>>> print(open('model.tsv').read())   # TSV, N, CA and C atoms
chain	number	residue	atom	x	y	z
A	3	MET	N	22.88	-13.15	8.43
A	3	MET	CA	21.98	-12.03	8.24
A	3	MET	C	20.54	-12.49	8.51
A	4	SER	N	19.77	-11.65	9.17
A	4	SER	CA	18.41	-12.04	9.53
A	4	SER	C	17.47	-11.98	8.33
A	5	GLU	N	16.42	-12.79	8.41
A	5	GLU	CA	15.39	-12.81	7.38
A	5	GLU	C	14.46	-11.61	7.56
A	6	PRO	N	13.94	-11.04	6.47
A	6	PRO	CA	12.96	-9.96	6.61
A	6	PRO	C	11.72	-10.47	7.35
A	7	LYS	N	11.17	-9.63	8.22
A	7	LYS	CA	9.98	-10.01	8.98
A	7	LYS	C	8.72	-9.99	8.13
A	8	THR	N	8.68	-9.08	7.17
A	8	THR	CA	7.48	-8.95	6.35
A	8	THR	C	7.66	-9.76	5.07
A	9	ARG	N	6.91	-10.87	5.02
A	9	ARG	CA	6.97	-11.77	3.87
A	9	ARG	C	5.55	-12.15	3.47
A	10	PRO	N	5.37	-12.63	2.24
A	10	PRO	CA	4.04	-13.05	1.82
A	10	PRO	C	3.52	-14.20	2.69
A	11	THR	N	2.23	-14.19	2.93
A	11	THR	CA	1.60	-15.24	3.72
A	11	THR	C	0.43	-15.82	2.94
A	12	ASP	N	-0.17	-16.85	3.48
A	12	ASP	CA	-1.37	-17.42	2.89
A	12	ASP	C	-2.64	-16.90	3.55
A	13	ALA	N	-2.50	-15.88	4.40
A	13	ALA	CA	-3.66	-15.31	5.08
A	13	ALA	C	-4.61	-14.69	4.05
A	14	SER	N	-5.87	-14.63	4.40
A	14	SER	CA	-6.90	-14.12	3.50
A	14	SER	C	-6.97	-12.59	3.52
A	15	VAL	N	-6.87	-11.99	2.34
A	15	VAL	CA	-7.03	-10.54	2.23
A	15	VAL	C	-8.44	-10.15	2.64
A	16	ASP	N	-9.44	-10.90	2.20
A	16	ASP	CA	-10.82	-10.59	2.57
A	16	ASP	C	-11.02	-10.62	4.08
A	17	ASP	N	-10.44	-11.60	4.75
A	17	ASP	CA	-10.56	-11.67	6.21
A	17	ASP	C	-9.92	-10.44	6.86
A	18	TYR	N	-8.75	-10.03	6.36
A	18	TYR	CA	-8.09	-8.83	6.88
A	18	TYR	C	-9.00	-7.61	6.71
A	19	LEU	N	-9.56	-7.45	5.52
A	19	LEU	CA	-10.43	-6.30	5.26
A	19	LEU	C	-11.69	-6.36	6.11
A	20	ASP	N	-12.27	-7.53	6.26
A	20	ASP	CA	-13.49	-7.69	7.06
A	20	ASP	C	-13.28	-7.31	8.53
A	21	GLU	N	-12.06	-7.42	9.01
A	21	GLU	CA	-11.77	-7.11	10.42
A	21	GLU	C	-11.58	-5.62	10.69
A	22	ILE	N	-11.55	-4.81	9.63
A	22	ILE	CA	-11.42	-3.35	9.82
A	22	ILE	C	-12.75	-2.83	10.34
A	23	GLU	N	-12.73	-2.28	11.54
A	23	GLU	CA	-13.96	-1.89	12.21
A	23	GLU	C	-14.68	-0.71	11.55
A	24	ASP	N	-13.93	0.31	11.17
A	24	ASP	CA	-14.53	1.51	10.60
A	24	ASP	C	-15.01	1.24	9.17
A	25	GLU	N	-16.30	1.45	8.93
A	25	GLU	CA	-16.90	1.15	7.62
A	25	GLU	C	-16.26	1.95	6.49
A	26	THR	N	-16.02	3.24	6.71
A	26	THR	CA	-15.40	4.07	5.68
A	26	THR	C	-14.01	3.56	5.35
A	27	ARG	N	-13.22	3.25	6.37
A	27	ARG	CA	-11.87	2.75	6.15
A	27	ARG	C	-11.92	1.41	5.42
A	28	ARG	N	-12.85	0.54	5.81
A	28	ARG	CA	-12.98	-0.77	5.16
A	28	ARG	C	-13.30	-0.59	3.68
A	29	GLN	N	-14.22	0.31	3.35
A	29	GLN	CA	-14.57	0.56	1.94
A	29	GLN	C	-13.41	1.19	1.19
A	30	ASP	N	-12.67	2.10	1.84
A	30	ASP	CA	-11.48	2.69	1.22
A	30	ASP	C	-10.47	1.59	0.87
A	31	CYS	N	-10.30	0.64	1.76
A	31	CYS	CA	-9.36	-0.46	1.51
A	31	CYS	C	-9.82	-1.34	0.35
A	32	ARG	N	-11.11	-1.57	0.28
A	32	ARG	CA	-11.64	-2.36	-0.86
A	32	ARG	C	-11.43	-1.60	-2.17
A	33	THR	N	-11.57	-0.27	-2.13
A	33	THR	CA	-11.31	0.54	-3.31
A	33	THR	C	-9.83	0.46	-3.70
A	34	LEU	N	-8.95	0.50	-2.71
A	34	LEU	CA	-7.52	0.38	-3.00
A	34	LEU	C	-7.19	-0.97	-3.62
A	35	VAL	N	-7.83	-2.02	-3.16
A	35	VAL	CA	-7.63	-3.35	-3.77
A	35	VAL	C	-7.99	-3.27	-5.25
A	36	ARG	N	-9.14	-2.69	-5.55
A	36	ARG	CA	-9.59	-2.59	-6.94
A	36	ARG	C	-8.59	-1.80	-7.78
A	37	ILE	N	-8.16	-0.64	-7.27
A	37	ILE	CA	-7.23	0.23	-8.01
A	37	ILE	C	-5.89	-0.47	-8.23
A	38	MET	N	-5.33	-1.00	-7.16
A	38	MET	CA	-3.99	-1.61	-7.26
A	38	MET	C	-3.99	-2.87	-8.11
A	39	LYS	N	-5.07	-3.62	-8.04
A	39	LYS	CA	-5.19	-4.80	-8.89
A	39	LYS	C	-5.24	-4.39	-10.36
A	40	LYS	N	-5.98	-3.33	-10.65
A	40	LYS	CA	-6.09	-2.84	-12.03
A	40	LYS	C	-4.74	-2.34	-12.54
A	41	VAL	N	-4.03	-1.57	-11.72
A	41	VAL	CA	-2.76	-0.98	-12.14
A	41	VAL	C	-1.68	-2.04	-12.32
A	42	THR	N	-1.60	-3.00	-11.40
A	42	THR	CA	-0.51	-3.97	-11.44
A	42	THR	C	-0.84	-5.23	-12.22
A	43	GLY	N	-2.12	-5.54	-12.33
A	43	GLY	CA	-2.52	-6.80	-12.95
A	43	GLY	C	-2.26	-7.99	-12.03
A	44	ALA	N	-1.90	-7.72	-10.78
A	44	ALA	CA	-1.59	-8.78	-9.81
A	44	ALA	C	-2.73	-8.95	-8.81
A	45	LYS	N	-2.85	-10.14	-8.29
A	45	LYS	CA	-3.84	-10.42	-7.25
A	45	LYS	C	-3.31	-9.91	-5.91
A	46	PRO	N	-4.20	-9.47	-5.04
A	46	PRO	CA	-3.75	-9.04	-3.71
A	46	PRO	C	-3.29	-10.23	-2.87
A	47	ARG	N	-2.29	-9.98	-2.04
A	47	ARG	CA	-1.77	-11.02	-1.16
A	47	ARG	C	-1.32	-10.36	0.14
A	48	MET	N	-1.57	-11.04	1.24
A	48	MET	CA	-1.12	-10.51	2.53
A	48	MET	C	0.39	-10.67	2.66
A	49	TRP	N	1.03	-9.61	3.14
A	49	TRP	CA	2.45	-9.61	3.47
A	49	TRP	C	2.50	-9.33	4.96
A	50	GLY	N	2.91	-10.31	5.73
A	50	GLY	CA	2.84	-10.17	7.17
A	50	GLY	C	1.37	-10.08	7.58
A	51	PRO	N	1.11	-9.61	8.78
A	51	PRO	CA	-0.27	-9.59	9.27
A	51	PRO	C	-1.11	-8.41	8.81
A	52	SER	N	-0.47	-7.37	8.19
A	52	SER	CA	-1.26	-6.15	7.96
A	52	SER	C	-0.99	-5.40	6.67
A	53	ILE	N	-0.23	-5.96	5.75
A	53	ILE	CA	0.02	-5.28	4.47
A	53	ILE	C	-0.61	-6.09	3.35
A	54	VAL	N	-1.42	-5.42	2.54
A	54	VAL	CA	-1.98	-6.03	1.34
A	54	VAL	C	-1.06	-5.62	0.19
A	55	GLY	N	-0.38	-6.58	-0.41
A	55	GLY	CA	0.59	-6.29	-1.46
A	55	GLY	C	0.17	-6.83	-2.81
A	56	PHE	N	0.73	-6.23	-3.85
A	56	PHE	CA	0.44	-6.60	-5.24
A	56	PHE	C	1.75	-6.74	-5.99
A	57	GLY	N	1.94	-7.91	-6.59
A	57	GLY	CA	3.18	-8.17	-7.32
A	57	GLY	C	4.34	-8.27	-6.34
A	58	THR	N	5.54	-8.37	-6.90
A	58	THR	CA	6.74	-8.47	-6.07
A	58	THR	C	7.97	-8.03	-6.86
A	59	TYR	N	8.94	-7.55	-6.14
A	59	TYR	CA	10.24	-7.27	-6.75
A	59	TYR	C	11.33	-7.64	-5.75
A	60	HIS	N	12.50	-7.91	-6.26
A	60	HIS	CA	13.62	-8.30	-5.42
A	60	HIS	C	14.55	-7.10	-5.27
A	61	TYR	N	15.00	-6.85	-4.04
A	61	TYR	CA	15.95	-5.76	-3.80
A	61	TYR	C	17.23	-6.31	-3.18
A	62	LYS	N	18.30	-5.57	-3.40
A	62	LYS	CA	19.58	-5.92	-2.78
A	62	LYS	C	20.32	-4.63	-2.48
A	63	TYR	N	20.65	-4.44	-1.21
A	63	TYR	CA	21.39	-3.26	-0.77
A	63	TYR	C	22.88	-3.48	-0.91
A	64	ALA	N	23.63	-2.39	-0.91
A	64	ALA	CA	25.08	-2.46	-0.99
A	64	ALA	C	25.65	-3.27	0.17
A	65	SER	N	24.95	-3.29	1.29
A	65	SER	CA	25.39	-4.03	2.48
A	65	SER	C	25.31	-5.55	2.28
A	66	GLY	N	24.61	-5.96	1.22
A	66	GLY	CA	24.42	-7.38	0.96
A	66	GLY	C	23.05	-7.88	1.40
A	67	ARG	N	22.35	-7.08	2.20
A	67	ARG	CA	20.99	-7.46	2.62
A	67	ARG	C	20.08	-7.44	1.41
A	68	GLU	N	19.24	-8.46	1.29
A	68	GLU	CA	18.33	-8.52	0.17
A	68	GLU	C	17.03	-9.18	0.58
A	69	GLY	N	16.03	-9.03	-0.27
A	69	GLY	CA	14.74	-9.62	0.01
A	69	GLY	C	13.74	-9.28	-1.07
A	70	ASP	N	12.50	-9.57	-0.78
A	70	ASP	CA	11.41	-9.30	-1.71
A	70	ASP	C	10.41	-8.37	-1.03
A	71	TRP	N	9.72	-7.58	-1.85
A	71	TRP	CA	8.74	-6.62	-1.37
A	71	TRP	C	7.67	-6.45	-2.45
A	72	PRO	N	6.45	-6.09	-2.06
A	72	PRO	CA	5.42	-5.89	-3.09
A	72	PRO	C	5.74	-4.69	-3.98
A	73	LEU	N	5.31	-4.77	-5.24
A	73	LEU	CA	5.46	-3.62	-6.14
A	73	LEU	C	4.72	-2.42	-5.58
A	74	THR	N	3.54	-2.67	-5.05
A	74	THR	CA	2.75	-1.64	-4.38
A	74	THR	C	1.87	-2.34	-3.37
A	75	GLY	N	1.34	-1.60	-2.46
A	75	GLY	CA	0.48	-2.19	-1.45
A	75	GLY	C	-0.01	-1.13	-0.49
A	76	PHE	N	-0.74	-1.58	0.52
A	76	PHE	CA	-1.26	-0.65	1.52
A	76	PHE	C	-1.50	-1.38	2.82
A	77	SER	N	-1.67	-0.58	3.86
A	77	SER	CA	-2.04	-1.11	5.16
A	77	SER	C	-2.97	-0.12	5.84
A	78	SER	N	-3.96	-0.63	6.53
A	78	SER	CA	-4.85	0.20	7.32
A	78	SER	C	-4.23	0.33	8.70
A	79	ARG	N	-3.64	1.48	8.96
A	79	ARG	CA	-3.02	1.73	10.26
A	79	ARG	C	-4.01	2.45	11.17
A	80	LYS	N	-3.65	2.62	12.40
A	80	LYS	CA	-4.56	3.22	13.38
A	80	LYS	C	-5.00	4.62	12.96
A	81	ARG	N	-4.06	5.45	12.51
A	81	ARG	CA	-4.37	6.85	12.22
A	81	ARG	C	-4.69	7.13	10.76
A	82	GLU	N	-4.14	6.32	9.84
A	82	GLU	CA	-4.33	6.61	8.43
A	82	GLU	C	-4.11	5.36	7.58
A	83	LEU	N	-4.34	5.53	6.30
A	83	LEU	CA	-3.99	4.50	5.33
A	83	LEU	C	-2.55	4.75	4.90
A	84	THR	N	-1.76	3.70	4.89
A	84	THR	CA	-0.39	3.79	4.42
A	84	THR	C	-0.30	3.06	3.10
A	85	LEU	N	0.11	3.78	2.05
A	85	LEU	CA	0.27	3.18	0.73
A	85	LEU	C	1.76	3.10	0.43
A	86	TYR	N	2.19	1.94	-0.03
A	86	TYR	CA	3.60	1.71	-0.35
A	86	TYR	C	3.77	1.85	-1.86
A	87	ILE	N	4.59	2.81	-2.24
A	87	ILE	CA	4.84	3.11	-3.66
A	87	ILE	C	6.29	2.74	-3.94
A	88	MET	N	6.51	1.69	-4.74
A	88	MET	CA	7.84	1.14	-4.94
A	88	MET	C	8.87	2.19	-5.33
A	89	SER	N	8.57	3.02	-6.30
A	89	SER	CA	9.58	3.94	-6.81
A	89	SER	C	9.66	5.22	-6.00
A	90	GLY	N	8.87	5.34	-4.97
A	90	GLY	CA	8.87	6.58	-4.21
A	90	GLY	C	8.18	7.67	-5.00
A	91	PHE	N	8.63	8.90	-4.80
A	91	PHE	CA	7.92	10.03	-5.38
A	91	PHE	C	8.79	10.92	-6.25
A	92	LYS	N	9.99	10.46	-6.58
A	92	LYS	CA	10.87	11.24	-7.46
A	92	LYS	C	10.20	11.41	-8.81
A	93	GLY	N	10.24	12.62	-9.33
A	93	GLY	CA	9.68	12.89	-10.65
A	93	GLY	C	8.17	12.98	-10.68
A	94	SER	N	7.55	12.97	-9.53
A	94	SER	CA	6.09	13.02	-9.51
A	94	SER	C	5.56	14.26	-8.82
A	95	ALA	N	6.36	15.32	-8.79
A	95	ALA	CA	5.98	16.55	-8.08
A	95	ALA	C	4.67	17.12	-8.60
A	96	SER	N	4.47	17.12	-9.91
A	96	SER	CA	3.24	17.69	-10.46
A	96	SER	C	2.03	16.87	-10.05
A	97	LEU	N	2.16	15.55	-10.02
A	97	LEU	CA	1.06	14.71	-9.56
A	97	LEU	C	0.78	14.92	-8.08
A	98	MET	N	1.82	15.01	-7.29
A	98	MET	CA	1.65	15.19	-5.85
A	98	MET	C	0.90	16.49	-5.54
A	99	LYS	N	1.13	17.53	-6.34
A	99	LYS	CA	0.42	18.80	-6.14
A	99	LYS	C	-1.07	18.65	-6.41
A	100	LYS	N	-1.43	17.75	-7.30
A	100	LYS	CA	-2.83	17.55	-7.67
A	100	LYS	C	-3.52	16.48	-6.85
A	101	LEU	N	-2.76	15.74	-6.03
A	101	LEU	CA	-3.30	14.59	-5.33
A	101	LEU	C	-4.38	14.94	-4.31
A	102	GLY	N	-4.14	15.96	-3.52
A	102	GLY	CA	-5.06	16.30	-2.44
A	102	GLY	C	-4.35	16.17	-1.11
A	103	LYS	N	-5.12	16.05	-0.03
A	103	LYS	CA	-4.58	16.03	1.33
A	103	LYS	C	-3.84	14.72	1.60
A	104	HIS	N	-2.53	14.84	1.90
A	104	HIS	CA	-1.70	13.66	2.12
A	104	HIS	C	-0.41	14.06	2.82
A	105	LYS	N	0.33	13.07	3.27
A	105	LYS	CA	1.70	13.22	3.77
A	105	LYS	C	2.52	12.14	3.07
A	106	THR	N	3.83	12.32	3.03
A	106	THR	CA	4.68	11.30	2.44
A	106	THR	C	5.87	10.98	3.34
A	107	GLY	N	6.37	9.78	3.15
A	107	GLY	CA	7.64	9.35	3.70
A	107	GLY	C	8.52	9.04	2.50
A	108	LYS	N	9.58	8.31	2.68
A	108	LYS	CA	10.50	8.01	1.58
A	108	LYS	C	9.80	7.30	0.42
A	109	ALA	N	9.03	6.26	0.72
A	109	ALA	CA	8.29	5.55	-0.32
A	109	ALA	C	6.87	5.21	0.15
A	110	CYS	N	6.38	5.99	1.13
A	110	CYS	CA	5.04	5.77	1.66
A	110	CYS	C	4.19	7.02	1.48
A	111	LEU	N	2.95	6.78	1.20
A	111	LEU	CA	1.97	7.85	1.07
A	111	LEU	C	0.95	7.63	2.18
A	112	TYR	N	0.67	8.67	2.94
A	112	TYR	CA	-0.27	8.57	4.05
A	112	TYR	C	-1.49	9.43	3.75
A	113	VAL	N	-2.66	8.82	3.81
A	113	VAL	CA	-3.92	9.55	3.65
A	113	VAL	C	-4.89	9.12	4.74
A	114	ASN	N	-5.71	10.05	5.19
A	114	ASN	CA	-6.70	9.73	6.21
A	114	ASN	C	-7.85	8.93	5.61
A	115	LYS	N	-8.34	9.39	4.47
A	115	LYS	CA	-9.42	8.69	3.77
A	115	LYS	C	-9.32	9.02	2.30
A	116	LEU	N	-9.83	8.12	1.46
A	116	LEU	CA	-9.69	8.30	0.01
A	116	LEU	C	-10.43	9.52	-0.52
A	117	GLU	N	-11.48	9.94	0.16
A	117	GLU	CA	-12.19	11.12	-0.32
A	117	GLU	C	-11.33	12.38	-0.24
A	118	ASP	N	-10.20	12.32	0.48
A	118	ASP	CA	-9.28	13.45	0.58
A	118	ASP	C	-8.37	13.58	-0.64
A	119	VAL	N	-8.33	12.56	-1.49
A	119	VAL	CA	-7.41	12.58	-2.63
A	119	VAL	C	-8.16	12.32	-3.94
A	120	ASP	N	-7.54	12.72	-5.02
A	120	ASP	CA	-8.08	12.49	-6.36
A	120	ASP	C	-7.69	11.07	-6.77
A	121	GLU	N	-8.67	10.19	-6.94
A	121	GLU	CA	-8.38	8.78	-7.24
A	121	GLU	C	-7.67	8.59	-8.57
A	122	ASP	N	-7.96	9.43	-9.56
A	122	ASP	CA	-7.27	9.31	-10.85
A	122	ASP	C	-5.78	9.62	-10.70
A	123	VAL	N	-5.46	10.65	-9.91
A	123	VAL	CA	-4.07	11.00	-9.67
A	123	VAL	C	-3.39	9.89	-8.85
A	124	LEU	N	-4.11	9.38	-7.87
A	124	LEU	CA	-3.57	8.28	-7.07
A	124	LEU	C	-3.24	7.08	-7.95
A	125	GLN	N	-4.11	6.77	-8.87
A	125	GLN	CA	-3.88	5.65	-9.78
A	125	GLN	C	-2.63	5.90	-10.61
A	126	GLU	N	-2.41	7.11	-11.07
A	126	GLU	CA	-1.19	7.41	-11.83
A	126	GLU	C	0.05	7.23	-10.98
A	127	LEU	N	-0.01	7.65	-9.72
A	127	LEU	CA	1.14	7.49	-8.83
A	127	LEU	C	1.47	6.02	-8.60
A	128	ILE	N	0.44	5.23	-8.43
A	128	ILE	CA	0.65	3.79	-8.20
A	128	ILE	C	1.26	3.16	-9.43
>>> encode(input="model.tsv", output="C-alpha coordinates")
Amino acid sequence: MSEPKTRPTDASVDDYLDEIEDETRRQDCRTLVRIMKKVTGAKPRMWGPSIVGFGTYHYKYASGREGDWPLTGFSSRKRELTLYIMSGFKGSASLMKKLGKHKTGKACLYVNKLEDVDEDVLQELI
(Lines of atoms letter the chains of each structure in order from A and count residues from 1; the text may use other names and numbers.)
(Lines give C-alpha, C1' and ligand atoms only; values in the text may rest on other atoms or scores of the structure.)
Protein backbone atom coordinates (compact mmCIF):
# COMPACT_ATOMS: atom_id res chain seq x y z
CA MET A 1 0.00 0.00 0.00
CA SER A 2 1.32 3.45 -0.86
CA GLU A 3 2.28 6.05 1.71
CA PRO A 4 0.10 9.17 2.02
CA LYS A 5 1.58 12.08 0.05
CA THR A 6 0.58 14.70 2.59
CA ARG A 7 2.68 14.30 5.72
CA PRO A 8 4.13 16.67 8.32
CA THR A 9 7.31 18.43 7.26
CA ASP A 10 9.92 20.62 8.90
CA ALA A 11 9.16 23.49 6.51
CA SER A 12 8.52 26.88 8.09
CA VAL A 13 4.90 28.00 8.46
CA ASP A 14 6.06 31.63 8.53
CA ASP A 15 7.95 31.17 5.25
CA TYR A 16 4.83 29.65 3.67
CA LEU A 17 2.69 32.58 4.86
CA ASP A 18 5.28 35.15 3.78
CA GLU A 19 5.15 33.78 0.22
CA ILE A 20 1.42 34.51 -0.15
CA GLU A 21 1.38 37.44 -2.54
CA ASP A 22 -2.04 38.92 -1.76
CA GLU A 23 -1.84 40.99 1.45
CA THR A 24 -5.46 40.33 2.46
CA ARG A 25 -5.07 36.59 1.96
CA ARG A 26 -1.77 36.60 3.88
CA GLN A 27 -3.41 38.41 6.83
CA ASP A 28 -6.41 36.05 6.69
CA CYS A 29 -4.00 33.12 6.95
CA ARG A 30 -2.24 34.68 9.93
CA THR A 31 -5.65 35.12 11.57
CA LEU A 32 -6.45 31.46 10.90
CA VAL A 33 -3.17 30.47 12.56
CA ARG A 34 -4.17 32.46 15.64
CA ILE A 35 -7.70 30.99 15.75
CA MET A 36 -6.68 27.38 15.13
CA LYS A 37 -3.82 27.56 17.60
CA LYS A 38 -6.22 28.88 20.25
CA VAL A 39 -8.87 26.23 19.55
CA THR A 40 -6.52 23.24 19.37
CA GLY A 41 -3.76 24.30 21.72
CA ALA A 42 -1.36 22.94 19.08
CA LYS A 43 1.44 24.69 17.24
CA PRO A 44 1.07 25.11 13.48
CA ARG A 45 3.03 22.73 11.29
CA MET A 46 3.36 22.37 7.55
CA TRP A 47 1.80 19.24 6.05
CA GLY A 48 3.18 18.82 2.57
CA PRO A 49 4.04 22.02 0.73
CA SER A 50 0.78 23.93 1.27
CA ILE A 51 -1.29 22.84 4.29
CA VAL A 52 -0.88 24.44 7.70
CA GLY A 53 -2.07 21.82 10.19
CA PHE A 54 -2.73 21.77 13.93
CA GLY A 55 -2.56 18.63 16.03
CA THR A 56 -2.92 15.17 14.52
CA TYR A 57 -5.16 12.14 14.53
CA HIS A 58 -4.77 8.65 13.15
CA TYR A 59 -7.33 7.21 10.73
CA LYS A 60 -7.89 3.72 9.40
CA TYR A 61 -10.32 2.81 6.63
CA ALA A 62 -12.12 -0.50 6.27
CA SER A 63 -9.84 -1.14 3.27
CA GLY A 64 -6.87 -1.22 5.64
CA ARG A 65 -5.44 2.09 4.42
CA GLU A 66 -4.38 4.25 7.32
CA GLY A 67 -2.42 7.36 8.11
CA ASP A 68 -2.27 10.60 10.03
CA TRP A 69 -3.94 13.94 9.34
CA PRO A 70 -4.17 17.27 11.16
CA LEU A 71 -7.08 17.79 13.55
CA THR A 72 -7.73 21.01 11.66
CA GLY A 73 -5.83 23.11 9.20
CA PHE A 74 -6.01 25.31 6.15
CA SER A 75 -4.42 26.04 2.83
CA SER A 76 -4.31 29.17 0.72
CA ARG A 77 -5.44 27.95 -2.68
CA LYS A 78 -5.59 29.95 -5.89
CA ARG A 79 -9.30 30.78 -5.67
CA GLU A 80 -10.09 30.56 -1.96
CA LEU A 81 -9.04 29.53 1.51
CA THR A 82 -9.60 25.85 2.18
CA LEU A 83 -10.18 24.93 5.82
CA TYR A 84 -10.00 21.29 6.88
CA ILE A 85 -12.50 20.40 9.59
CA MET A 86 -11.82 16.92 11.00
CA SER A 87 -15.37 16.01 11.94
CA GLY A 88 -16.95 17.52 8.86
CA PHE A 89 -20.19 19.40 9.26
CA LYS A 90 -22.66 16.86 10.66
CA GLY A 91 -24.70 18.38 13.47
CA SER A 92 -23.54 21.89 12.71
CA ALA A 93 -26.41 23.05 10.48
CA SER A 94 -27.35 25.93 12.79
CA LEU A 95 -23.76 27.18 12.87
CA MET A 96 -23.40 26.87 9.11
CA LYS A 97 -26.49 29.08 8.65
CA LYS A 98 -24.85 31.79 10.77
CA LEU A 99 -21.36 31.45 9.28
CA GLY A 100 -21.71 33.72 6.25
CA LYS A 101 -20.61 33.30 2.63
CA HIS A 102 -18.99 29.88 2.15
CA LYS A 103 -19.07 26.55 0.31
CA THR A 104 -18.44 23.10 1.75
CA GLY A 105 -17.11 19.74 0.69
CA LYS A 106 -17.20 16.56 2.76
CA ALA A 107 -14.82 17.91 5.43
CA CYS A 108 -13.62 21.14 3.79
CA LEU A 109 -14.87 24.66 4.18
CA TYR A 110 -14.16 27.10 1.37
CA VAL A 111 -14.18 30.87 1.90
CA ASN A 112 -12.92 33.66 -0.33
CA LYS A 113 -11.86 35.89 2.56
CA LEU A 114 -12.41 35.91 6.31
CA GLU A 115 -14.43 39.12 6.20
CA ASP A 116 -17.14 37.02 4.46
CA VAL A 117 -17.69 34.89 7.58
CA ASP A 118 -18.39 35.38 11.27
CA GLU A 119 -15.11 34.58 13.05
CA ASP A 120 -16.85 33.55 16.29
CA VAL A 121 -18.96 31.02 14.41
CA LEU A 122 -15.90 29.84 12.51
CA GLN A 123 -14.10 29.29 15.79
CA GLU A 124 -16.99 27.16 17.06
CA LEU A 125 -16.91 25.05 13.90
CA ILE A 126 -13.19 24.47 14.24
>>> closest_residue(input="model.tsv", among="A:Pro10, A:Ala109, A:Ala95, A:Glu25", to="Phe56 (chain A)", atoms="only C-alpha atoms")
A:Pro10
>>> residues_around(input="model.tsv", residues="region 78-88 of chain A", least_positions_apart="2", cutoff="6.5 Å", atoms="all atoms listed in the file", output="ChimeraX atom specification")
/A:52-53,72-76,90,109-115,128
>>> atom_distance(input="model.tsv", atom1="CA of Thr58 (chain A)", atom2="atom N of Trp71 (chain A)")
5.2 Å
>>> atom_distance(input="model.tsv", atom1="CA of Trp49 (chain A)", atom2="CA of Tyr18 (chain A)")
11.1 Å
>>> atom_distance(input="model.tsv", atom1="atom C of Gly69 (chain A)", atom2="atom C of Thr8 (chain A)")
8.7 Å
>>> closest_residue(input="model.tsv", among="A:Gly43, A:Gly55, A:Gly102, A:Gly107", to="Val119 (chain A)", atoms="only C-alpha atoms")
A:Gly102
>>> closest_residue(input="model.tsv", among="A:Asp17, A:Asp24, A:Asp12, A:Asp30", to="Gly50 (chain A)", atoms="only C-alpha atoms")
A:Asp12
>>> residues_around(input="model.tsv", residues="Val15 (chain A)", least_positions_apart="3", cutoff="9 Å", atoms="only C-alpha atoms", output="VMD selection string")
chain A and resid 12 18 to 20 46 to 48 54
>>> residues_around(input="model.tsv", residues="Cys31 (chain A)", least_positions_apart="4", cutoff="8 Å", atoms="only N, CA and C atoms", output="number ranges by chain")
A: 19, 25-27, 35-37, 77-78, 116
>>> closest_residue(input="model.tsv", among="A:Thr33, A:Arg9, A:Ala64, A:Leu127", to="Ser94 (chain A)", atoms="only N, CA and C atoms")
A:Leu127
>>> select_by_dssp(input="model.tsv", residues="chain A", states="strand (DSSP E or B)", output="PyMOL selection string")
chain A and resi 10+46-49+53-56+59-62+68-71+74-78+83-87+102+105-106+110-113+119
>>> closest_residue(input="model.tsv", among="A:Glu68, A:Glu117, A:Glu21, A:Glu126", to="Lys103 (chain A)", atoms="only C-alpha atoms")
A:Glu117
>>> select_by_dssp(input="model.tsv", residues="chain A", states="alpha helix (DSSP H)", output="VMD selection string")
chain A and resid 15 to 20 25 to 42 95 to 101 121 to 127
>>> closest_residue(input="model.tsv", among="A:Lys39, A:Lys99, A:Glu23, A:Pro51", to="Thr11 (chain A)", atoms="all atoms listed in the file")
A:Pro51
>>> decode(input="model.tsv", residues="region 111-120 of chain A", atoms="all heavy atoms", output="CSV table (one decimal), in the first residue's frame")
chain,number,residue,atom,x,y,z
A,111,LEU,N,-14.1,23.4,4.2
A,111,LEU,CA,-14.9,24.7,4.2
A,111,LEU,C,-14.1,25.6,3.3
A,111,LEU,O,-12.9,25.8,3.4
A,111,LEU,CB,-15.0,25.2,5.6
A,111,LEU,CG,-15.6,26.6,5.8
A,111,LEU,CD1,-17.1,26.5,5.5
A,111,LEU,CD2,-15.4,27.0,7.2
A,112,TYR,N,-14.8,26.2,2.3
A,112,TYR,CA,-14.2,27.1,1.4
A,112,TYR,C,-14.7,28.5,1.6
A,112,TYR,O,-15.9,28.7,1.5
A,112,TYR,CB,-14.4,26.7,-0.1
A,112,TYR,CG,-14.1,25.2,-0.4
A,112,TYR,CD1,-15.0,24.2,-0.3
A,112,TYR,CD2,-12.7,24.9,-0.6
A,112,TYR,CE1,-14.6,22.9,-0.6
A,112,TYR,CE2,-12.4,23.6,-0.9
A,112,TYR,CZ,-13.3,22.6,-0.9
A,112,TYR,OH,-13.0,21.3,-1.1
A,113,VAL,N,-13.8,29.5,1.8
A,113,VAL,CA,-14.2,30.9,1.9
A,113,VAL,C,-13.2,31.7,1.0
A,113,VAL,O,-12.1,31.4,0.9
A,113,VAL,CB,-14.2,31.4,3.4
A,113,VAL,CG1,-15.2,30.6,4.2
A,113,VAL,CG2,-12.8,31.3,4.0
A,114,ASN,N,-13.8,32.8,0.5
A,114,ASN,CA,-12.9,33.7,-0.3
A,114,ASN,C,-12.0,34.5,0.6
A,114,ASN,O,-10.8,34.7,0.3
A,114,ASN,CB,-13.8,34.5,-1.2
A,114,ASN,CG,-14.4,33.7,-2.3
A,114,ASN,OD1,-13.9,32.8,-2.8
A,114,ASN,ND2,-15.6,34.1,-2.7
A,115,LYS,N,-12.6,35.1,1.6
A,115,LYS,CA,-11.9,35.9,2.6
A,115,LYS,C,-12.6,35.8,3.9
A,115,LYS,O,-13.8,35.6,4.0
A,115,LYS,CB,-11.7,37.3,2.1
A,115,LYS,CG,-12.9,38.0,1.6
A,115,LYS,CD,-12.6,39.3,0.9
A,115,LYS,CE,-13.8,40.0,0.3
A,115,LYS,NZ,-14.5,39.3,-0.8
A,116,LEU,N,-11.8,36.0,5.0
A,116,LEU,CA,-12.4,35.9,6.3
A,116,LEU,C,-13.5,37.0,6.6
A,116,LEU,O,-14.4,36.7,7.4
A,116,LEU,CB,-11.3,36.0,7.4
A,116,LEU,CG,-10.5,34.7,7.5
A,116,LEU,CD1,-9.5,34.8,8.7
A,116,LEU,CD2,-11.3,33.4,7.6
A,117,GLU,N,-13.4,38.1,5.9
A,117,GLU,CA,-14.4,39.1,6.2
A,117,GLU,C,-15.8,38.7,5.7
A,117,GLU,O,-16.8,39.2,6.1
A,117,GLU,CB,-14.1,40.5,5.6
A,117,GLU,CG,-14.2,40.5,4.1
A,117,GLU,CD,-13.8,41.9,3.5
A,117,GLU,OE1,-13.1,42.7,4.2
A,117,GLU,OE2,-14.3,42.2,2.4
A,118,ASP,N,-15.9,37.6,4.9
A,118,ASP,CA,-17.1,37.0,4.5
A,118,ASP,C,-17.8,36.2,5.5
A,118,ASP,O,-19.0,35.8,5.3
A,118,ASP,CB,-16.9,36.2,3.2
A,118,ASP,CG,-16.6,37.0,2.0
A,118,ASP,OD1,-16.8,38.2,2.0
A,118,ASP,OD2,-16.0,36.4,1.0
A,119,VAL,N,-17.1,35.8,6.6
A,119,VAL,CA,-17.7,34.9,7.6
A,119,VAL,C,-17.6,35.5,9.0
A,119,VAL,O,-16.8,36.4,9.3
A,119,VAL,CB,-17.0,33.5,7.6
A,119,VAL,CG1,-17.2,32.8,6.2
A,119,VAL,CG2,-15.5,33.6,7.9
A,120,ASP,N,-18.4,35.0,9.9
A,120,ASP,CA,-18.4,35.4,11.3
A,120,ASP,C,-17.3,34.6,12.0
A,120,ASP,O,-17.4,33.4,12.1
A,120,ASP,CB,-19.8,35.1,11.9
A,120,ASP,CG,-19.9,35.5,13.3
A,120,ASP,OD1,-19.0,35.2,14.1
A,120,ASP,OD2,-20.9,36.2,13.7
